[in-house]
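Have a look at structure.tsv below; it lists TSV, C-alpha atoms.
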chain	number	residue	atom	x	y	z
Y	1	ILE	CA	8.47	-6.55	1.18
Y	2	LEU	CA	11.55	-7.05	3.36
Y	3	THR	CA	10.87	-10.78	3.61
Y	4	THR	CA	10.60	-11.06	-0.17
Y	5	ILE	CA	13.81	-9.06	-0.59
Y	6	GLY	CA	15.62	-11.27	1.94
Y	7	ILE	CA	14.54	-14.49	0.23
Y	8	ALA	CA	15.62	-13.20	-3.19
Y	9	ALA	CA	18.92	-11.90	-1.83
Y	10	GLN	CA	19.72	-15.27	-0.28
Y	11	ALA	CA	18.85	-17.05	-3.53
Y	12	HIS	CA	21.18	-14.71	-5.45
Y	13	GLY	CA	24.01	-14.83	-2.91
Y	14	PHE	CA	23.98	-11.37	-1.36
Y	15	ASN	CA	23.12	-10.02	2.08
Y	16	THR	CA	20.45	-7.54	3.19
Y	17	ASP	CA	20.87	-7.92	6.97
Y	18	GLY	CA	20.01	-4.63	8.66
Y	19	ALA	CA	17.45	-3.49	6.09
Y	20	THR	CA	14.52	-1.61	7.66
Y	21	ALA	CA	11.24	-0.14	6.50
Y	22	SER	CA	9.13	2.80	7.65
Y	23	ILE	CA	5.49	3.03	6.68
Y	24	VAL	CA	3.15	6.02	6.58
Y	25	LYS	CA	-0.57	5.71	5.87
Y	26	VAL	CA	-2.56	8.52	4.29
Y	27	MET	CA	-6.21	8.73	5.27
Y	28	GLY	CA	-9.06	9.77	2.99
Y	29	THR	CA	-12.17	11.50	4.26
Y	30	ASN	CA	-15.22	10.37	2.31
Y	31	PRO	CA	-15.40	7.58	3.21
Y	32	ARG	CA	-12.78	7.62	5.94
Y	33	ARG	CA	-10.26	4.99	4.87
Y	34	ILE	CA	-6.62	4.53	4.00
Y	35	VAL	CA	-6.05	5.82	0.45
Y	36	GLU	CA	-2.25	5.60	0.26
Y	37	VAL	CA	0.65	3.79	1.91
Y	38	GLN	CA	4.18	5.11	1.67
Y	39	VAL	CA	6.94	2.59	2.32
Y	40	ASP	CA	10.50	3.85	2.82
Y	41	ILE	CA	13.03	1.03	2.71
Y	42	GLN	CA	16.50	1.69	4.07
Y	43	MET	CA	19.11	-0.73	2.79
Y	44	PRO	CA	22.14	-1.26	5.05
Y	45	HIS	CA	24.92	-0.32	2.62
Y	46	ASN	CA	25.50	1.35	-0.72
Y	47	ASP	CA	27.67	-1.20	-2.51
Y	48	TYR	CA	24.99	-3.33	-4.15
Y	49	SER	CA	25.62	-4.03	-7.82
Y	50	ASP	CA	23.15	-2.77	-10.41
Y	51	LYS	CA	21.82	-6.32	-10.73
Y	52	GLU	CA	21.34	-6.62	-6.95
Y	53	ARG	CA	19.53	-3.27	-6.80
Y	54	LYS	CA	17.25	-4.37	-9.62
Y	55	ILE	CA	16.44	-7.59	-7.74
Y	56	ILE	CA	15.76	-5.64	-4.54
Y	57	GLU	CA	13.48	-3.13	-6.23
Y	58	LEU	CA	11.60	-5.73	-8.31
Y	59	CYS	CA	10.82	-7.61	-5.09
Y	60	ALA	CA	8.87	-4.59	-3.85
Y	61	LYS	CA	6.74	-4.62	-6.99
Y	62	GLU	CA	6.14	-8.38	-6.80
Y	63	CYS	CA	5.43	-8.61	-3.06
Y	64	ALA	CA	2.46	-10.95	-2.43
Y	65	VAL	CA	1.06	-8.73	0.31
Y	66	ALA	CA	1.28	-5.58	-1.81
Y	67	GLY	CA	-0.36	-7.44	-4.67
Y	68	SER	CA	-3.21	-8.52	-2.38
Y	69	LEU	CA	-4.19	-4.97	-1.43
Y	70	HIS	CA	-7.11	-3.24	-3.12
Y	71	PRO	CA	-6.12	-1.78	-6.50
Y	72	ASP	CA	-7.48	1.65	-5.50
Y	73	LEU	CA	-4.91	1.87	-2.68
Y	74	LYS	CA	-1.97	3.94	-3.89
Y	75	GLN	CA	1.35	2.31	-2.96
Y	76	VAL	CA	4.53	4.39	-2.96
Y	77	VAL	CA	7.80	2.53	-2.30
Y	78	ARG	CA	11.08	4.41	-1.99
Y	79	PHE	CA	14.58	3.01	-1.44
Y	80	THR	CA	17.54	4.58	0.34
Y	81	TYR	CA	20.89	2.84	0.09
Y	82	GLY	CA	23.14	3.59	3.09
Y	83	LYS	CA	26.84	3.36	3.72

Please express the file's structure as structure tokens.
Amino acid sequence: ILTTIGIAAQAHGFNTDGATASIVKVMGTNPRRIVEVQVDIQMPHNDYSDKERKIIELCAKECAVAGSLHPDLKQVVRFTYGK
């Protein structure tokens, strides 16, 4: 997701240097497998325009890796914009 965001940001002329992501997996029990991933993306500052935020957040939805995961896997992506 961060790679996709970085590529789009560069193409649209804004910077995302310093962005980070934290990931939590949620395990199911029968069968034992990952049933949910929670991705928290921390953006480095809070002064992105509405258009830039839309680009950033659409990248998460269009990520090739996320799109390659099994459709039963619940994916939760949250964004925090810093200062």

Calculate how many Å separate atom CA of Leu73 of chain Y from atom CA of Gly6 of chain Y, rounding to one decimal. 24.8 Å

I need every residue sitting at most 10 Å from the point (26.5, 1.2, -1.4) (coordinates as in the file, only C-alpha atoms considered), written as a PyMOL selection string. chain Y and resi 43-49+53+80-83

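Ranking Y:Ile1, Y:Gly67, Y:Glu36, Y:Lys54 by their shortest atom-to-atom distance to Val24 of chain Y, with all atoms listed in the file included, puts Y:Glu36 first.
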
Skipping near chain neighbours, those fewer than 5 positions away, what residues fall within 12 Å of Lys74 of chain Y using only C-alpha atoms, listed as JSON, numbers by chain? {"Y": [24, 25, 26, 27, 28, 34, 35, 36, 37, 38, 39, 66, 67, 69]}

Determine, counting all atoms listed in the file, which protein, DNA and RNA residues have an atom within 8 Å of an atom of segment 57-64 of chain Y; residues of the same chain fewer than 4 positions away are not included. Present the result as a PDB file with C-alpha atoms, in the frame of the given file.
ATOM      1  CA  ILE Y   1       8.470  -6.550   1.180  1.00  0.00           C
ATOM      2  CA  THR Y   4      10.600 -11.060  -0.170  1.00  0.00           C
ATOM      3  CA  ILE Y   5      13.810  -9.060  -0.590  1.00  0.00           C
ATOM      4  CA  ALA Y   8      15.620 -13.200  -3.190  1.00  0.00           C
ATOM      5  CA  ARG Y  53      19.530  -3.270  -6.800  1.00  0.00           C
ATOM      6  CA  SER Y  68      -3.210  -8.520  -2.380  1.00  0.00           C
ATOM      7  CA  VAL Y  77       7.800   2.530  -2.300  1.00  0.00           C
ATOM      8  CA  PHE Y  79      14.580   3.010  -1.440  1.00  0.00           C
TER       9      PHE Y  79
END

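Take atom CA of Asn30 of chain Y and atom CA of Arg78 of chain Y: the distance between them is 27.3 Å.
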
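We find atom CA of His12 of chain Y and atom CA of Asp40 of chain Y to be spaced 23.0 Å apart.
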
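The list of residues within 10 Å of (20.0, -4.9, 9.1), counted using only C-alpha atoms, is Y:Asn15, Y:Thr16, Y:Asp17, Y:Gly18, Y:Ala19, Y:Thr20, Y:Gln42, Y:Met43, Y:Pro44, Y:His45.
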
Incomplete segment 24-56 of chain Y filled out to N, CA and C atoms as a compact mmCIF listing (two decimals), keeping the file's coordinate frame:
# COMPACT_ATOMS: atom_id res chain seq x y z
N VAL Y 24 4.08 4.95 6.26
CA VAL Y 24 3.15 6.02 6.58
C VAL Y 24 1.85 5.73 5.84
N LYS Y 25 0.72 5.86 6.54
CA LYS Y 25 -0.57 5.71 5.87
C LYS Y 25 -1.19 7.08 5.70
N VAL Y 26 -1.87 7.27 4.58
CA VAL Y 26 -2.56 8.52 4.29
C VAL Y 26 -4.05 8.22 4.30
N MET Y 27 -4.79 8.96 5.11
CA MET Y 27 -6.21 8.73 5.27
C MET Y 27 -7.02 9.61 4.31
N GLY Y 28 -8.08 9.03 3.77
CA GLY Y 28 -9.06 9.77 2.99
C GLY Y 28 -10.21 10.18 3.91
N THR Y 29 -11.12 10.98 3.40
CA THR Y 29 -12.17 11.50 4.26
C THR Y 29 -13.58 11.04 3.91
N ASN Y 30 -13.84 10.69 2.66
CA ASN Y 30 -15.22 10.37 2.31
C ASN Y 30 -15.28 9.20 1.34
N PRO Y 31 -15.31 7.99 1.80
CA PRO Y 31 -15.40 7.58 3.21
C PRO Y 31 -14.03 7.61 3.87
N ARG Y 32 -14.03 7.63 5.19
CA ARG Y 32 -12.78 7.62 5.94
C ARG Y 32 -12.13 6.24 5.78
N ARG Y 33 -11.01 6.24 5.09
CA ARG Y 33 -10.26 4.99 4.87
C ARG Y 33 -8.85 5.33 4.43
N ILE Y 34 -8.00 4.35 4.46
CA ILE Y 34 -6.62 4.53 4.00
C ILE Y 34 -6.63 4.58 2.47
N VAL Y 35 -6.07 5.65 1.91
CA VAL Y 35 -6.05 5.82 0.45
C VAL Y 35 -4.64 5.65 -0.13
N GLU Y 36 -3.63 5.70 0.74
CA GLU Y 36 -2.25 5.60 0.26
C GLU Y 36 -1.37 5.05 1.37
N VAL Y 37 -0.41 4.20 1.00
CA VAL Y 37 0.65 3.79 1.91
C VAL Y 37 1.98 4.17 1.28
N GLN Y 38 2.85 4.72 2.11
CA GLN Y 38 4.18 5.11 1.67
C GLN Y 38 5.18 4.26 2.44
N VAL Y 39 5.97 3.50 1.71
CA VAL Y 39 6.94 2.59 2.32
C VAL Y 39 8.34 3.08 1.97
N ASP Y 40 9.11 3.43 3.01
CA ASP Y 40 10.50 3.85 2.82
C ASP Y 40 11.40 2.72 3.31
N ILE Y 41 12.16 2.15 2.39
CA ILE Y 41 13.03 1.03 2.71
C ILE Y 41 14.46 1.53 2.75
N GLN Y 42 15.12 1.29 3.89
CA GLN Y 42 16.50 1.69 4.07
C GLN Y 42 17.37 0.44 3.98
N MET Y 43 18.20 0.39 2.97
CA MET Y 43 19.11 -0.73 2.79
C MET Y 43 20.39 -0.44 3.55
N PRO Y 44 21.06 -1.47 4.10
CA PRO Y 44 22.14 -1.26 5.05
C PRO Y 44 23.46 -0.73 4.48
N HIS Y 45 23.68 -0.85 3.20
CA HIS Y 45 24.92 -0.32 2.62
C HIS Y 45 24.67 0.10 1.17
N ASN Y 46 25.66 0.73 0.59
CA ASN Y 46 25.50 1.35 -0.72
C ASN Y 46 26.28 0.62 -1.82
N ASP Y 47 26.83 -0.55 -1.52
CA ASP Y 47 27.67 -1.20 -2.51
C ASP Y 47 27.00 -2.37 -3.21
N TYR Y 48 25.68 -2.31 -3.37
CA TYR Y 48 24.99 -3.33 -4.15
C TYR Y 48 25.27 -3.09 -5.64
N SER Y 49 25.43 -4.16 -6.37
CA SER Y 49 25.62 -4.03 -7.82
C SER Y 49 24.30 -3.57 -8.45
N ASP Y 50 24.38 -3.16 -9.70
CA ASP Y 50 23.15 -2.77 -10.41
C ASP Y 50 22.17 -3.93 -10.46
N LYS Y 51 22.68 -5.14 -10.69
CA LYS Y 51 21.82 -6.32 -10.73
C LYS Y 51 21.15 -6.56 -9.37
N GLU Y 52 21.91 -6.43 -8.29
CA GLU Y 52 21.34 -6.62 -6.95
C GLU Y 52 20.28 -5.57 -6.64
N ARG Y 53 20.54 -4.32 -7.01
CA ARG Y 53 19.53 -3.27 -6.80
C ARG Y 53 18.27 -3.55 -7.60
N LYS Y 54 18.42 -4.05 -8.81
CA LYS Y 54 17.25 -4.37 -9.62
C LYS Y 54 16.44 -5.49 -8.96
N ILE Y 55 17.12 -6.51 -8.45
CA ILE Y 55 16.44 -7.59 -7.74
C ILE Y 55 15.70 -7.05 -6.53
N ILE Y 56 16.36 -6.22 -5.73
CA ILE Y 56 15.76 -5.64 -4.54
C ILE Y 56 14.50 -4.86 -4.90
